[in-house]
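Notes follow once the structure below has been shown.
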Amino acid sequence: MEQKKIIFSGIQPSGELTLGSYIGAIKNWVNLSEEYECYYCIVDMHAITVRQKPAELRKRTLSQIAQYIACGLDPDKNTIFIQSHVPAHAEMAWVLNCYTMFGELSRMTQFKDKASKNAENVNAGLFTYPALMAADILLYQADLVPVGDDQKQHVELTRDIAQRFNSVYGDVFKIPGHYIPKVGARIMSLTEPEAKMSKSDKGSGSCIYLMDKPEDIIRAFKRAVTDSETVVRYNPETKKGISNLMTIYSVATGKSFQDIENEFAGKGYGEFKLAVGESVVELLRPIRERAEDLMKNKDYLTQVYRDGAEKASRTAARTLRKVHKKLGFVER
Ligand code: TYM
């Protein structure tokens, strides 16, 4: 039997899951999970590069597992686990830190962005974050990493690190590719359409969370920033707000941009924004309801992440052992 190709991806539990991470990442994970052997991680070790409240981090991590499953990731077909439960991630990250250059890390846009937003806590973990992400991916010998546009630079750095390591030690790591969706790779803020929709913008009406109530979703879309024209037309350069809403509507309904332009020809923005809001309510309703149900069953969630960690540990240990041997570490 032919070996299935491998997918690895992860999301930080540093905030609630957003419509951006659903459209940019999770939705595609679900579509790929039949064809590939998939590892989906909750990257709690990445989350602590920014200060977290312990009780909230714990709660969000559990709820993220429930939401992964509610989005359609079947734990029998996908390995769902928590990063800190598989110590090989930290061990491999150290090794890869020694094969990642200061200059490379300094060029990472996410680092520059987060360092400016957390000027009082620019810690070493925030700086070497991409080496841990490379460890996540390379431990599983992933072929493909489905992410949104903002993670492309980190996946490219992972490839460079893997190639550097391989050029010294031979074919140790698979060189992974990224999988970035054609529509929805960068969902923008509803209030500031020049900026990415981000989970840290809580309470500003700019971000939709998967667990938001229908009335809050509708309110946020009604208030979404558009432009001074009145025509629903796709142009991400000059009509950022409307184009973002069209992208969301297209993903939620399966309609093409042309269909959407025809549907709203001669109609006002008010009607369009309401339709987008309603489509998102319907997209998220089954996910929220399922996740709420799953959250009542903590034993089941515990079983899922324990099984996941066990399975992930086996694969990760294999790669780590190989790497240690190549490096010249004495076998345990
Ligand atoms: P994170 O937690 O910021 O985001 C999770 C995933 O959601 C995508 N995403 C978006 N896509 C479209 N529009 C948006 N507004 C939007 N916001 C977020 C992200 O691109 C990402 O795919 N470093 C990673 C987590 C990580 C990881 C990994 C990913 C750690 N190790 C290994 C892949 C493989 C991060 O901070 O994603």
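Every chain in the structure tokens has a letter given in the order shown (A, B, ...), and although residue numbers restart at 1 in each chain, ligands are simply numbered from 1 in the order shown.
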
Excluding same-chain residues fewer than 5 positions from Val304 in chain A, what lies within 9 Å of it counting only C-alpha atoms, as a tab-separated table (two decimals) with all heavy atoms, in the first residue's frame?
chain	number	residue	atom	x	y	z
A	65	ILE	N	-9.59	22.12	21.45
A	65	ILE	CA	-9.73	20.72	21.02
A	65	ILE	C	-11.19	20.46	20.64
A	65	ILE	O	-11.47	19.89	19.58
A	65	ILE	CB	-9.31	19.76	22.15
A	65	ILE	CG1	-7.81	19.91	22.39
A	65	ILE	CG2	-9.66	18.30	21.81
A	65	ILE	CD1	-7.31	19.18	23.59
A	75	PRO	N	-11.33	12.72	15.36
A	75	PRO	CA	-10.13	12.27	16.09
A	75	PRO	C	-9.71	10.84	15.74
A	75	PRO	O	-8.58	10.46	16.02
A	75	PRO	CB	-10.55	12.34	17.57
A	75	PRO	CG	-11.81	13.09	17.60
A	75	PRO	CD	-12.45	13.02	16.26
A	76	ASP	N	-10.62	10.06	15.13
A	76	ASP	CA	-10.20	8.72	14.70
A	76	ASP	C	-9.37	8.77	13.42
A	76	ASP	O	-8.66	7.83	13.09
A	76	ASP	CB	-11.43	7.83	14.45
A	76	ASP	CG	-12.15	7.53	15.76
A	76	ASP	OD1	-11.46	7.49	16.81
A	76	ASP	OD2	-13.38	7.37	15.73
A	79	THR	N	-4.67	13.04	14.06
A	79	THR	CA	-4.01	13.04	15.36
A	79	THR	C	-4.10	14.45	15.94
A	79	THR	O	-3.48	15.38	15.42
A	79	THR	CB	-2.55	12.59	15.21
A	79	THR	OG1	-2.56	11.32	14.55
A	79	THR	CG2	-1.87	12.45	16.56
A	80	ILE	N	-4.91	14.60	16.98
A	80	ILE	CA	-5.12	15.91	17.60
A	80	ILE	C	-4.41	15.90	18.95
A	80	ILE	O	-4.69	15.03	19.78
A	80	ILE	CB	-6.63	16.17	17.78
A	80	ILE	CG1	-7.32	16.18	16.41
A	80	ILE	CG2	-6.87	17.48	18.53
A	80	ILE	CD1	-8.84	16.29	16.48
A	81	PHE	N	-3.49	16.82	19.16
A	81	PHE	CA	-2.73	16.78	20.43
A	81	PHE	C	-2.26	18.15	20.87
A	81	PHE	O	-2.34	19.13	20.12
A	81	PHE	CB	-1.57	15.79	20.31
A	81	PHE	CG	-0.46	16.26	19.40
A	81	PHE	CD1	0.74	16.74	19.93
A	81	PHE	CD2	-0.59	16.22	18.02
A	81	PHE	CE1	1.77	17.17	19.10
A	81	PHE	CE2	0.44	16.65	17.19
A	81	PHE	CZ	1.62	17.13	17.73
A	299	ASP	N	-14.24	14.05	29.78
A	299	ASP	CA	-13.56	12.75	29.71
A	299	ASP	C	-13.21	12.39	28.27
A	299	ASP	O	-12.14	11.88	27.97
A	299	ASP	CB	-14.44	11.64	30.29
A	299	ASP	CG	-14.56	11.78	31.80
A	299	ASP	OD1	-13.76	12.55	32.38
A	299	ASP	OD2	-15.46	11.14	32.39
A	309	ALA	N	-1.47	12.51	21.82
A	309	ALA	CA	-0.09	12.71	22.26
A	309	ALA	C	0.69	11.40	22.16
A	309	ALA	O	1.87	11.39	21.80
A	309	ALA	CB	-0.06	13.24	23.68

Can you pull out the residues contacting Glu192 in chain A? Cut-off 10 Å, using only C-alpha atoms, and skip same-chain residues under 2 positions away; I want them as a PDB file with all heavy atoms, in the first residue's frame.
ATOM      1  N   MET A 188      -9.446  39.933   6.671  1.00  0.00           N
ATOM      2  CA  MET A 188      -9.080  41.203   7.276  1.00  0.00           C
ATOM      3  C   MET A 188     -10.025  41.570   8.419  1.00  0.00           C
ATOM      4  O   MET A 188     -11.134  41.032   8.528  1.00  0.00           O
ATOM      5  CB  MET A 188      -9.095  42.314   6.206  1.00  0.00           C
ATOM      6  CG  MET A 188      -8.305  41.984   4.944  1.00  0.00           C
ATOM      7  SD  MET A 188      -6.650  41.347   5.256  1.00  0.00           S
ATOM      8  CE  MET A 188      -5.751  42.875   5.457  1.00  0.00           C
ATOM      9  N   SER A 189      -9.575  42.496   9.246  1.00  0.00           N
ATOM     10  CA  SER A 189     -10.379  43.020  10.354  1.00  0.00           C
ATOM     11  C   SER A 189     -11.651  43.678   9.793  1.00  0.00           C
ATOM     12  O   SER A 189     -11.619  44.290   8.730  1.00  0.00           O
ATOM     13  CB  SER A 189      -9.530  44.053  11.096  1.00  0.00           C
ATOM     14  OG  SER A 189     -10.333  45.047  11.665  1.00  0.00           O
ATOM     15  N   LEU A 190     -12.758  43.562  10.520  1.00  0.00           N
ATOM     16  CA  LEU A 190     -14.001  44.172  10.027  1.00  0.00           C
ATOM     17  C   LEU A 190     -14.010  45.685  10.231  1.00  0.00           C
ATOM     18  O   LEU A 190     -14.708  46.402   9.520  1.00  0.00           O
ATOM     19  CB  LEU A 190     -15.217  43.556  10.742  1.00  0.00           C
ATOM     20  CG  LEU A 190     -15.450  42.054  10.534  1.00  0.00           C
ATOM     21  CD1 LEU A 190     -16.756  41.621  11.175  1.00  0.00           C
ATOM     22  CD2 LEU A 190     -15.434  41.681   9.057  1.00  0.00           C
ATOM     23  N   GLU A 194      -7.474  47.198   6.497  1.00  0.00           N
ATOM     24  CA  GLU A 194      -6.064  47.136   6.054  1.00  0.00           C
ATOM     25  C   GLU A 194      -5.310  46.131   6.917  1.00  0.00           C
ATOM     26  O   GLU A 194      -4.220  45.712   6.566  1.00  0.00           O
ATOM     27  CB  GLU A 194      -5.312  48.477   6.228  1.00  0.00           C
ATOM     28  CG  GLU A 194      -5.963  49.724   5.682  1.00  0.00           C
ATOM     29  CD  GLU A 194      -7.205  50.135   6.448  1.00  0.00           C
ATOM     30  OE1 GLU A 194      -7.223  50.025   7.684  1.00  0.00           O
ATOM     31  OE2 GLU A 194      -8.180  50.530   5.776  1.00  0.00           O
ATOM     32  N   ALA A 195      -5.868  45.771   8.095  1.00  0.00           N
ATOM     33  CA  ALA A 195      -5.143  44.903   9.032  1.00  0.00           C
ATOM     34  C   ALA A 195      -5.771  43.511   9.053  1.00  0.00           C
ATOM     35  O   ALA A 195      -6.968  43.345   8.827  1.00  0.00           O
ATOM     36  CB  ALA A 195      -5.180  45.512  10.427  1.00  0.00           C
ATOM     37  N   LYS A 196      -4.946  42.522   9.365  1.00  0.00           N
ATOM     38  CA  LYS A 196      -5.413  41.136   9.459  1.00  0.00           C
ATOM     39  C   LYS A 196      -6.402  40.974  10.610  1.00  0.00           C
ATOM     40  O   LYS A 196      -6.237  41.603  11.651  1.00  0.00           O
ATOM     41  CB  LYS A 196      -4.169  40.266   9.714  1.00  0.00           C
ATOM     42  CG  LYS A 196      -4.377  38.794   9.628  1.00  0.00           C
ATOM     43  CD  LYS A 196      -3.125  38.054  10.063  1.00  0.00           C
ATOM     44  CE  LYS A 196      -2.959  38.066  11.565  1.00  0.00           C
ATOM     45  NZ  LYS A 196      -2.020  37.068  12.100  1.00  0.00           N
ATOM     46  N   MET A 197      -7.420  40.138  10.425  1.00  0.00           N
ATOM     47  CA  MET A 197      -8.304  39.805  11.552  1.00  0.00           C
ATOM     48  C   MET A 197      -7.468  39.005  12.548  1.00  0.00           C
ATOM     49  O   MET A 197      -6.874  37.992  12.191  1.00  0.00           O
ATOM     50  CB  MET A 197      -9.499  38.977  11.076  1.00  0.00           C
ATOM     51  CG  MET A 197     -10.457  38.612  12.203  1.00  0.00           C
ATOM     52  SD  MET A 197     -11.845  37.596  11.683  1.00  0.00           S
ATOM     53  CE  MET A 197     -12.929  38.795  10.936  1.00  0.00           C
ATOM     54  N   SER A 206     -13.888  43.894  15.588  1.00  0.00           N
ATOM     55  CA  SER A 206     -13.116  43.699  14.362  1.00  0.00           C
ATOM     56  C   SER A 206     -12.981  42.219  14.021  1.00  0.00           C
ATOM     57  O   SER A 206     -12.664  41.851  12.908  1.00  0.00           O
ATOM     58  CB  SER A 206     -11.729  44.286  14.539  1.00  0.00           C
ATOM     59  OG  SER A 206     -10.995  43.498  15.456  1.00  0.00           O
ATOM     60  N   ALA A 224     -19.409  46.699   9.975  1.00  0.00           N
ATOM     61  CA  ALA A 224     -18.152  46.524   9.226  1.00  0.00           C
ATOM     62  C   ALA A 224     -17.866  47.759   8.370  1.00  0.00           C
ATOM     63  O   ALA A 224     -18.766  48.327   7.749  1.00  0.00           O
ATOM     64  CB  ALA A 224     -18.242  45.282   8.353  1.00  0.00           C
ATOM     65  N   VAL A 225     -16.595  48.166   8.354  1.00  0.00           N
ATOM     66  CA  VAL A 225     -16.180  49.344   7.585  1.00  0.00           C
ATOM     67  C   VAL A 225     -16.141  48.995   6.100  1.00  0.00           C
ATOM     68  O   VAL A 225     -15.624  47.949   5.703  1.00  0.00           O
ATOM     69  CB  VAL A 225     -14.776  49.812   8.074  1.00  0.00           C
ATOM     70  CG1 VAL A 225     -14.188  50.850   7.127  1.00  0.00           C
ATOM     71  CG2 VAL A 225     -14.866  50.341   9.490  1.00  0.00           C
ATOM     72  N   THR A 226     -16.732  49.864   5.272  1.00  0.00           N
ATOM     73  CA  THR A 226     -16.740  49.619   3.815  1.00  0.00           C
ATOM     74  C   THR A 226     -16.062  50.794   3.108  1.00  0.00           C
ATOM     75  O   THR A 226     -14.925  51.098   3.405  1.00  0.00           O
ATOM     76  CB  THR A 226     -18.178  49.393   3.303  1.00  0.00           C
ATOM     77  OG1 THR A 226     -18.999  50.451   3.786  1.00  0.00           O
ATOM     78  CG2 THR A 226     -18.730  48.066   3.778  1.00  0.00           C
ATOM     79  N   LYS A 240     -11.051  47.476  -0.021  1.00  0.00           N
ATOM     80  CA  LYS A 240     -10.578  46.429   0.898  1.00  0.00           C
ATOM     81  C   LYS A 240     -11.694  45.850   1.753  1.00  0.00           C
ATOM     82  O   LYS A 240     -11.810  44.642   1.908  1.00  0.00           O
ATOM     83  CB  LYS A 240      -9.481  46.990   1.806  1.00  0.00           C
ATOM     84  CG  LYS A 240      -8.167  47.236   1.091  1.00  0.00           C
ATOM     85  CD  LYS A 240      -7.052  47.501   2.097  1.00  0.00           C
ATOM     86  CE  LYS A 240      -5.677  47.348   1.498  1.00  0.00           C
ATOM     87  NZ  LYS A 240      -5.359  48.258   0.411  1.00  0.00           N
ATOM     88  N   GLY A 241     -12.529  46.727   2.313  1.00  0.00           N
ATOM     89  CA  GLY A 241     -13.596  46.274   3.217  1.00  0.00           C
ATOM     90  C   GLY A 241     -14.599  45.397   2.474  1.00  0.00           C
ATOM     91  O   GLY A 241     -14.894  44.269   2.907  1.00  0.00           O
TER      92      GLY A 241
END

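Taking only C-alpha atoms and all ligand atoms into account, the residues that come within 6 Å of ligand 1 are Phe8, Ser9, Gly10, Ile11, Gln12, Gly20, Ser21, Gly24, Ala25, Val43, Met133, Asp136, Ile137, Val145, Val147, Gly148, Asp149, Asp150, Gln151, Gly184, Ala185, Arg186, Ile187, Met188, Lys196, Met197 and Ser198 of chain A.
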
Could you save those same residues with N, CA and C atoms as a PDB file, in the first residue's frame?
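Listing of selection26.pdb after writing:
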ATOM      1  N   PHE A   8       1.055  18.564   8.724  1.00  0.00           N
ATOM      2  CA  PHE A   8       1.126  19.071  10.098  1.00  0.00           C
ATOM      3  C   PHE A   8       0.667  20.517  10.094  1.00  0.00           C
ATOM      4  N   SER A   9      -0.170  20.880  11.076  1.00  0.00           N
ATOM      5  CA  SER A   9      -0.456  22.297  11.279  1.00  0.00           C
ATOM      6  C   SER A   9      -0.836  22.541  12.730  1.00  0.00           C
ATOM      7  N   GLY A  10      -0.808  23.803  13.132  1.00  0.00           N
ATOM      8  CA  GLY A  10      -1.122  24.129  14.518  1.00  0.00           C
ATOM      9  C   GLY A  10      -1.686  25.523  14.669  1.00  0.00           C
ATOM     10  N   ILE A  11      -2.320  25.737  15.799  1.00  0.00           N
ATOM     11  CA  ILE A  11      -2.847  27.068  16.136  1.00  0.00           C
ATOM     12  C   ILE A  11      -2.519  27.350  17.597  1.00  0.00           C
ATOM     13  N   GLN A  12      -2.165  28.579  17.880  1.00  0.00           N
ATOM     14  CA  GLN A  12      -1.856  28.966  19.265  1.00  0.00           C
ATOM     15  C   GLN A  12      -3.140  29.173  20.061  1.00  0.00           C
ATOM     16  N   GLY A  20     -10.996  34.064  10.903  1.00  0.00           N
ATOM     17  CA  GLY A  20      -9.782  34.108  10.076  1.00  0.00           C
ATOM     18  C   GLY A  20      -9.044  32.785  10.103  1.00  0.00           C
ATOM     19  N   SER A  21      -8.834  32.229  11.304  1.00  0.00           N
ATOM     20  CA  SER A  21      -8.094  30.951  11.351  1.00  0.00           C
ATOM     21  C   SER A  21      -8.954  29.811  10.816  1.00  0.00           C
ATOM     22  N   GLY A  24      -8.726  30.544   6.878  1.00  0.00           N
ATOM     23  CA  GLY A  24      -7.348  30.435   6.392  1.00  0.00           C
ATOM     24  C   GLY A  24      -6.744  29.056   6.607  1.00  0.00           C
ATOM     25  N   ALA A  25      -7.169  28.364   7.672  1.00  0.00           N
ATOM     26  CA  ALA A  25      -6.500  27.100   8.006  1.00  0.00           C
ATOM     27  C   ALA A  25      -7.485  25.933   8.221  1.00  0.00           C
ATOM     28  N   VAL A  43      -0.713  24.609  19.911  1.00  0.00           N
ATOM     29  CA  VAL A  43       0.675  24.943  20.229  1.00  0.00           C
ATOM     30  C   VAL A  43       0.751  25.860  21.460  1.00  0.00           C
ATOM     31  N   MET A 133       8.611  26.218  15.729  1.00  0.00           N
ATOM     32  CA  MET A 133       7.633  25.892  14.677  1.00  0.00           C
ATOM     33  C   MET A 133       8.260  24.930  13.651  1.00  0.00           C
ATOM     34  N   ASP A 136       8.151  21.535  15.160  1.00  0.00           N
ATOM     35  CA  ASP A 136       6.805  20.960  15.038  1.00  0.00           C
ATOM     36  C   ASP A 136       6.664  20.228  13.703  1.00  0.00           C
ATOM     37  N   ILE A 137       7.026  20.937  12.661  1.00  0.00           N
ATOM     38  CA  ILE A 137       6.767  20.447  11.300  1.00  0.00           C
ATOM     39  C   ILE A 137       7.714  19.297  10.938  1.00  0.00           C
ATOM     40  N   VAL A 145       2.016  21.864   4.843  1.00  0.00           N
ATOM     41  CA  VAL A 145       1.625  22.622   6.035  1.00  0.00           C
ATOM     42  C   VAL A 145       0.520  23.612   5.640  1.00  0.00           C
ATOM     43  N   VAL A 147      -1.671  26.555   6.033  1.00  0.00           N
ATOM     44  CA  VAL A 147      -1.704  27.746   6.890  1.00  0.00           C
ATOM     45  C   VAL A 147      -2.269  28.929   6.104  1.00  0.00           C
ATOM     46  N   GLY A 148      -2.559  29.998   6.828  1.00  0.00           N
ATOM     47  CA  GLY A 148      -2.924  31.261   6.189  1.00  0.00           C
ATOM     48  C   GLY A 148      -1.667  31.969   5.712  1.00  0.00           C
ATOM     49  N   ASP A 149      -1.877  33.029   4.966  1.00  0.00           N
ATOM     50  CA  ASP A 149      -0.798  33.781   4.332  1.00  0.00           C
ATOM     51  C   ASP A 149       0.280  34.265   5.325  1.00  0.00           C
ATOM     52  N   ASP A 150      -0.148  34.642   6.535  1.00  0.00           N
ATOM     53  CA  ASP A 150       0.809  35.240   7.482  1.00  0.00           C
ATOM     54  C   ASP A 150       1.861  34.244   7.988  1.00  0.00           C
ATOM     55  N   GLN A 151       1.631  32.950   7.804  1.00  0.00           N
ATOM     56  CA  GLN A 151       2.594  31.951   8.285  1.00  0.00           C
ATOM     57  C   GLN A 151       3.538  31.456   7.189  1.00  0.00           C
ATOM     58  N   GLY A 184      -9.330  33.455   0.786  1.00  0.00           N
ATOM     59  CA  GLY A 184      -9.426  33.469   2.254  1.00  0.00           C
ATOM     60  C   GLY A 184      -8.116  33.266   2.985  1.00  0.00           C
ATOM     61  N   ALA A 185      -6.972  33.416   2.283  1.00  0.00           N
ATOM     62  CA  ALA A 185      -5.679  33.223   2.946  1.00  0.00           C
ATOM     63  C   ALA A 185      -5.386  34.349   3.931  1.00  0.00           C
ATOM     64  N   ARG A 186      -6.102  35.452   3.774  1.00  0.00           N
ATOM     65  CA  ARG A 186      -5.884  36.589   4.667  1.00  0.00           C
ATOM     66  C   ARG A 186      -7.217  37.307   4.877  1.00  0.00           C
ATOM     67  N   ILE A 187      -7.913  36.913   5.929  1.00  0.00           N
ATOM     68  CA  ILE A 187      -9.179  37.557   6.268  1.00  0.00           C
ATOM     69  C   ILE A 187      -8.845  38.817   7.070  1.00  0.00           C
ATOM     70  N   MET A 188      -9.446  39.933   6.671  1.00  0.00           N
ATOM     71  CA  MET A 188      -9.080  41.203   7.276  1.00  0.00           C
ATOM     72  C   MET A 188     -10.025  41.570   8.419  1.00  0.00           C
ATOM     73  N   LYS A 196      -4.946  42.522   9.365  1.00  0.00           N
ATOM     74  CA  LYS A 196      -5.413  41.136   9.459  1.00  0.00           C
ATOM     75  C   LYS A 196      -6.402  40.974  10.610  1.00  0.00           C
ATOM     76  N   MET A 197      -7.420  40.138  10.425  1.00  0.00           N
ATOM     77  CA  MET A 197      -8.304  39.805  11.552  1.00  0.00           C
ATOM     78  C   MET A 197      -7.468  39.005  12.548  1.00  0.00           C
ATOM     79  N   SER A 198      -7.424  39.486  13.792  1.00  0.00           N
ATOM     80  CA  SER A 198      -6.510  38.879  14.751  1.00  0.00           C
ATOM     81  C   SER A 198      -7.228  38.550  16.048  1.00  0.00           C
TER      82      SER A 198
END

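In this structure, CA of Val323 in chain A sits 15.6 Å away from CA of Ala142 in chain A.
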
(message) Need to verify the contact set: His85 in chain A, 10 Å, only C-alpha atoms, exclusion of same-chain residues closer than 3 positions in sequence. Can you return it as a PyMOL selection string?
(response) chain A and resi 44-45+81-82+88-89+305-306+308-310+312-313

(message) What's around Lys199 in chain A at 8 Å? Count only C-alpha atoms, leave out sequence neighbours fewer than 5 positions away in its own chain, and write the answer as a PyMOL selection string.
(response) chain A and resi 14-18+207+209

Expected file contents, prior selection, N, CA, C and O atoms, as a PDB file, in the first residue's frame:
ATOM      1  N   SER A  14      -3.653  31.252  22.164  1.00  0.00           N
ATOM      2  CA  SER A  14      -3.409  32.548  22.809  1.00  0.00           C
ATOM      3  C   SER A  14      -4.657  33.420  22.781  1.00  0.00           C
ATOM      4  O   SER A  14      -4.675  34.509  23.331  1.00  0.00           O
ATOM      5  N   GLY A  15      -5.686  32.944  22.101  1.00  0.00           N
ATOM      6  CA  GLY A  15      -6.967  33.632  22.053  1.00  0.00           C
ATOM      7  C   GLY A  15      -7.973  32.628  21.539  1.00  0.00           C
ATOM      8  O   GLY A  15      -7.580  31.513  21.165  1.00  0.00           O
ATOM      9  N   GLU A  16      -9.248  33.010  21.510  1.00  0.00           N
ATOM     10  CA  GLU A  16     -10.271  32.097  20.966  1.00  0.00           C
ATOM     11  C   GLU A  16     -10.055  31.941  19.459  1.00  0.00           C
ATOM     12  O   GLU A  16      -9.519  32.844  18.805  1.00  0.00           O
ATOM     13  N   LEU A  17     -10.494  30.816  18.911  1.00  0.00           N
ATOM     14  CA  LEU A  17     -10.365  30.622  17.463  1.00  0.00           C
ATOM     15  C   LEU A  17     -11.236  31.637  16.724  1.00  0.00           C
ATOM     16  O   LEU A  17     -12.374  31.908  17.114  1.00  0.00           O
ATOM     17  N   THR A  18     -10.695  32.165  15.632  1.00  0.00           N
ATOM     18  CA  THR A  18     -11.400  33.208  14.882  1.00  0.00           C
ATOM     19  C   THR A  18     -11.883  32.710  13.518  1.00  0.00           C
ATOM     20  O   THR A  18     -11.421  31.679  13.022  1.00  0.00           O
ATOM     21  N   CYS A 207     -13.221  41.400  15.039  1.00  0.00           N
ATOM     22  CA  CYS A 207     -12.908  39.979  14.915  1.00  0.00           C
ATOM     23  C   CYS A 207     -14.143  39.137  15.240  1.00  0.00           C
ATOM     24  O   CYS A 207     -14.874  39.451  16.181  1.00  0.00           O
ATOM     25  N   TYR A 209     -15.348  35.412  16.424  1.00  0.00           N
ATOM     26  CA  TYR A 209     -14.868  34.161  17.017  1.00  0.00           C
ATOM     27  C   TYR A 209     -15.854  33.039  16.699  1.00  0.00           C
ATOM     28  O   TYR A 209     -17.066  33.282  16.598  1.00  0.00           O
TER      29      TYR A 209
END

(request) Step one, run DSSP on the backbone; step two, keep only residues of range 8-249 of chain A assigned to strand (DSSP E or B); then write them as number ranges by chain. (result) A: 8-11, 18, 37-42, 78-82, 144-146, 177-179, 188, 196, 209

How would the residues just picked look written out with N, CA, C and O atoms as a short mmCIF file (atom, residue, chain, number, x, y, z; two decimals), in the first residue's frame?
data_model
loop_
_atom_site.label_atom_id
_atom_site.label_comp_id
_atom_site.auth_asym_id
_atom_site.auth_seq_id
_atom_site.Cartn_x
_atom_site.Cartn_y
_atom_site.Cartn_z
N PHE A 8 1.05 18.56 8.72
CA PHE A 8 1.13 19.07 10.10
C PHE A 8 0.67 20.52 10.09
O PHE A 8 1.05 21.30 9.21
N SER A 9 -0.17 20.88 11.08
CA SER A 9 -0.46 22.30 11.28
C SER A 9 -0.84 22.54 12.73
O SER A 9 -1.15 21.60 13.46
N GLY A 10 -0.81 23.80 13.13
CA GLY A 10 -1.12 24.13 14.52
C GLY A 10 -1.69 25.52 14.67
O GLY A 10 -1.54 26.35 13.77
N ILE A 11 -2.32 25.74 15.80
CA ILE A 11 -2.85 27.07 16.14
C ILE A 11 -2.52 27.35 17.60
O ILE A 11 -2.62 26.47 18.45
N THR A 18 -10.69 32.16 15.63
CA THR A 18 -11.40 33.21 14.88
C THR A 18 -11.88 32.71 13.52
O THR A 18 -11.42 31.68 13.02
N GLU A 37 -2.25 11.76 5.99
CA GLU A 37 -2.15 11.44 7.41
C GLU A 37 -1.88 12.77 8.14
O GLU A 37 -0.90 13.44 7.85
N CYS A 38 -2.81 13.13 9.04
CA CYS A 38 -2.76 14.52 9.54
C CYS A 38 -2.49 14.62 11.03
O CYS A 38 -3.07 13.89 11.83
N TYR A 39 -1.64 15.59 11.38
CA TYR A 39 -1.34 15.93 12.77
C TYR A 39 -1.76 17.38 12.99
O TYR A 39 -1.26 18.27 12.31
N TYR A 40 -2.70 17.58 13.93
CA TYR A 40 -3.13 18.94 14.24
C TYR A 40 -2.89 19.21 15.71
O TYR A 40 -3.36 18.49 16.59
N CYS A 41 -2.14 20.27 15.93
CA CYS A 41 -1.59 20.52 17.26
C CYS A 41 -2.16 21.82 17.84
O CYS A 41 -2.50 22.74 17.10
N ILE A 42 -2.26 21.84 19.16
CA ILE A 42 -2.59 23.08 19.86
C ILE A 42 -1.27 23.54 20.46
O ILE A 42 -0.73 22.89 21.37
N ASN A 78 -7.62 11.82 12.50
CA ASN A 78 -6.59 12.85 12.60
C ASN A 78 -5.96 12.76 13.99
O ASN A 78 -6.65 12.46 14.96
N THR A 79 -4.67 13.04 14.06
CA THR A 79 -4.01 13.04 15.36
C THR A 79 -4.10 14.45 15.94
O THR A 79 -3.48 15.38 15.42
N ILE A 80 -4.91 14.60 16.98
CA ILE A 80 -5.12 15.91 17.60
C ILE A 80 -4.41 15.90 18.95
O ILE A 80 -4.69 15.03 19.78
N PHE A 81 -3.49 16.82 19.16
CA PHE A 81 -2.73 16.78 20.43
C PHE A 81 -2.26 18.15 20.87
O PHE A 81 -2.34 19.13 20.12
N ILE A 82 -1.76 18.18 22.11
CA ILE A 82 -1.26 19.42 22.72
C ILE A 82 0.27 19.39 22.68
O ILE A 82 0.89 18.42 23.12
N LEU A 144 3.22 18.68 3.80
CA LEU A 144 2.40 19.86 3.53
C LEU A 144 1.99 20.52 4.84
O LEU A 144 1.64 19.84 5.81
N VAL A 145 2.02 21.86 4.84
CA VAL A 145 1.63 22.62 6.03
C VAL A 145 0.52 23.61 5.64
O VAL A 145 0.81 24.66 5.05
N PRO A 146 -0.74 23.28 5.91
CA PRO A 146 -1.82 24.19 5.51
C PRO A 146 -1.97 25.34 6.51
O PRO A 146 -2.31 25.13 7.67
N GLY A 177 6.17 21.67 2.09
CA GLY A 177 5.62 22.78 1.30
C GLY A 177 4.47 23.40 2.07
O GLY A 177 3.91 22.78 2.97
N HIS A 178 4.13 24.64 1.73
CA HIS A 178 2.95 25.19 2.40
C HIS A 178 1.74 25.05 1.50
O HIS A 178 1.85 24.95 0.27
N TYR A 179 0.58 25.02 2.13
CA TYR A 179 -0.68 24.96 1.39
C TYR A 179 -1.47 26.18 1.83
O TYR A 179 -1.91 26.26 2.97
N MET A 188 -9.45 39.93 6.67
CA MET A 188 -9.08 41.20 7.28
C MET A 188 -10.03 41.57 8.42
O MET A 188 -11.13 41.03 8.53
N LYS A 196 -4.95 42.52 9.36
CA LYS A 196 -5.41 41.14 9.46
C LYS A 196 -6.40 40.97 10.61
O LYS A 196 -6.24 41.60 11.65
N TYR A 209 -15.35 35.41 16.42
CA TYR A 209 -14.87 34.16 17.02
C TYR A 209 -15.85 33.04 16.70
O TYR A 209 -17.07 33.28 16.60
#

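With distances restricted to only C-alpha atoms, A:Asp143 is the closest residue to Lys5 in chain A from A:Glu271, A:Glu34, A:Asp259, A:Asp143.
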
(request) Pull the helix (DSSP H, G or I) assignments for range 221-292 of chain A out of DSSP run on the backbone, and list those residues as a PyMOL selection string. (result) chain A and resi 221-222+240-253+257-263+269-292

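CA of Thr100 in chain A is positioned 19.5 Å from CA of Lys325 in chain A.
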
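Comparing A:Ile218, A:Val251, A:Val155, A:Ile161 by their smallest distance to Leu274 in chain A, the closest is A:Ile218 (using only C-alpha atoms).
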
(request) Go through A:Glu120, A:Ser200, A:Leu301, A:Pro176 one by one, measure the shortest atom-to-atom distance of each to Ala70 in chain A using only C-alpha atoms, and give the residue with the smallest value. (result) A:Leu301

(request) Find the residues near Pro130 in chain A: any atom within 10 Å, counting only C-alpha atoms, skip ones fewer than 5 places away on the same chain, and give them as an MDAnalysis selection string. (result) chainID A and resid 46 93 96:97 100 104:105 108 110:111 125 135:136 151 153:155 157:158

(message) Would you pick out the contacts of range 52-59 of chain A at 7 Å or less, using only C-alpha atoms, so that residues sharing its chain but fewer than 4 positions from it are not included, and give the list as an MDAnalysis selection string?
(response) chainID A and resid 13:14 48 63

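Reported to one decimal place, the separation of CA of Arg290 in chain A from CA of Phe272 in chain A is 28.2 Å.
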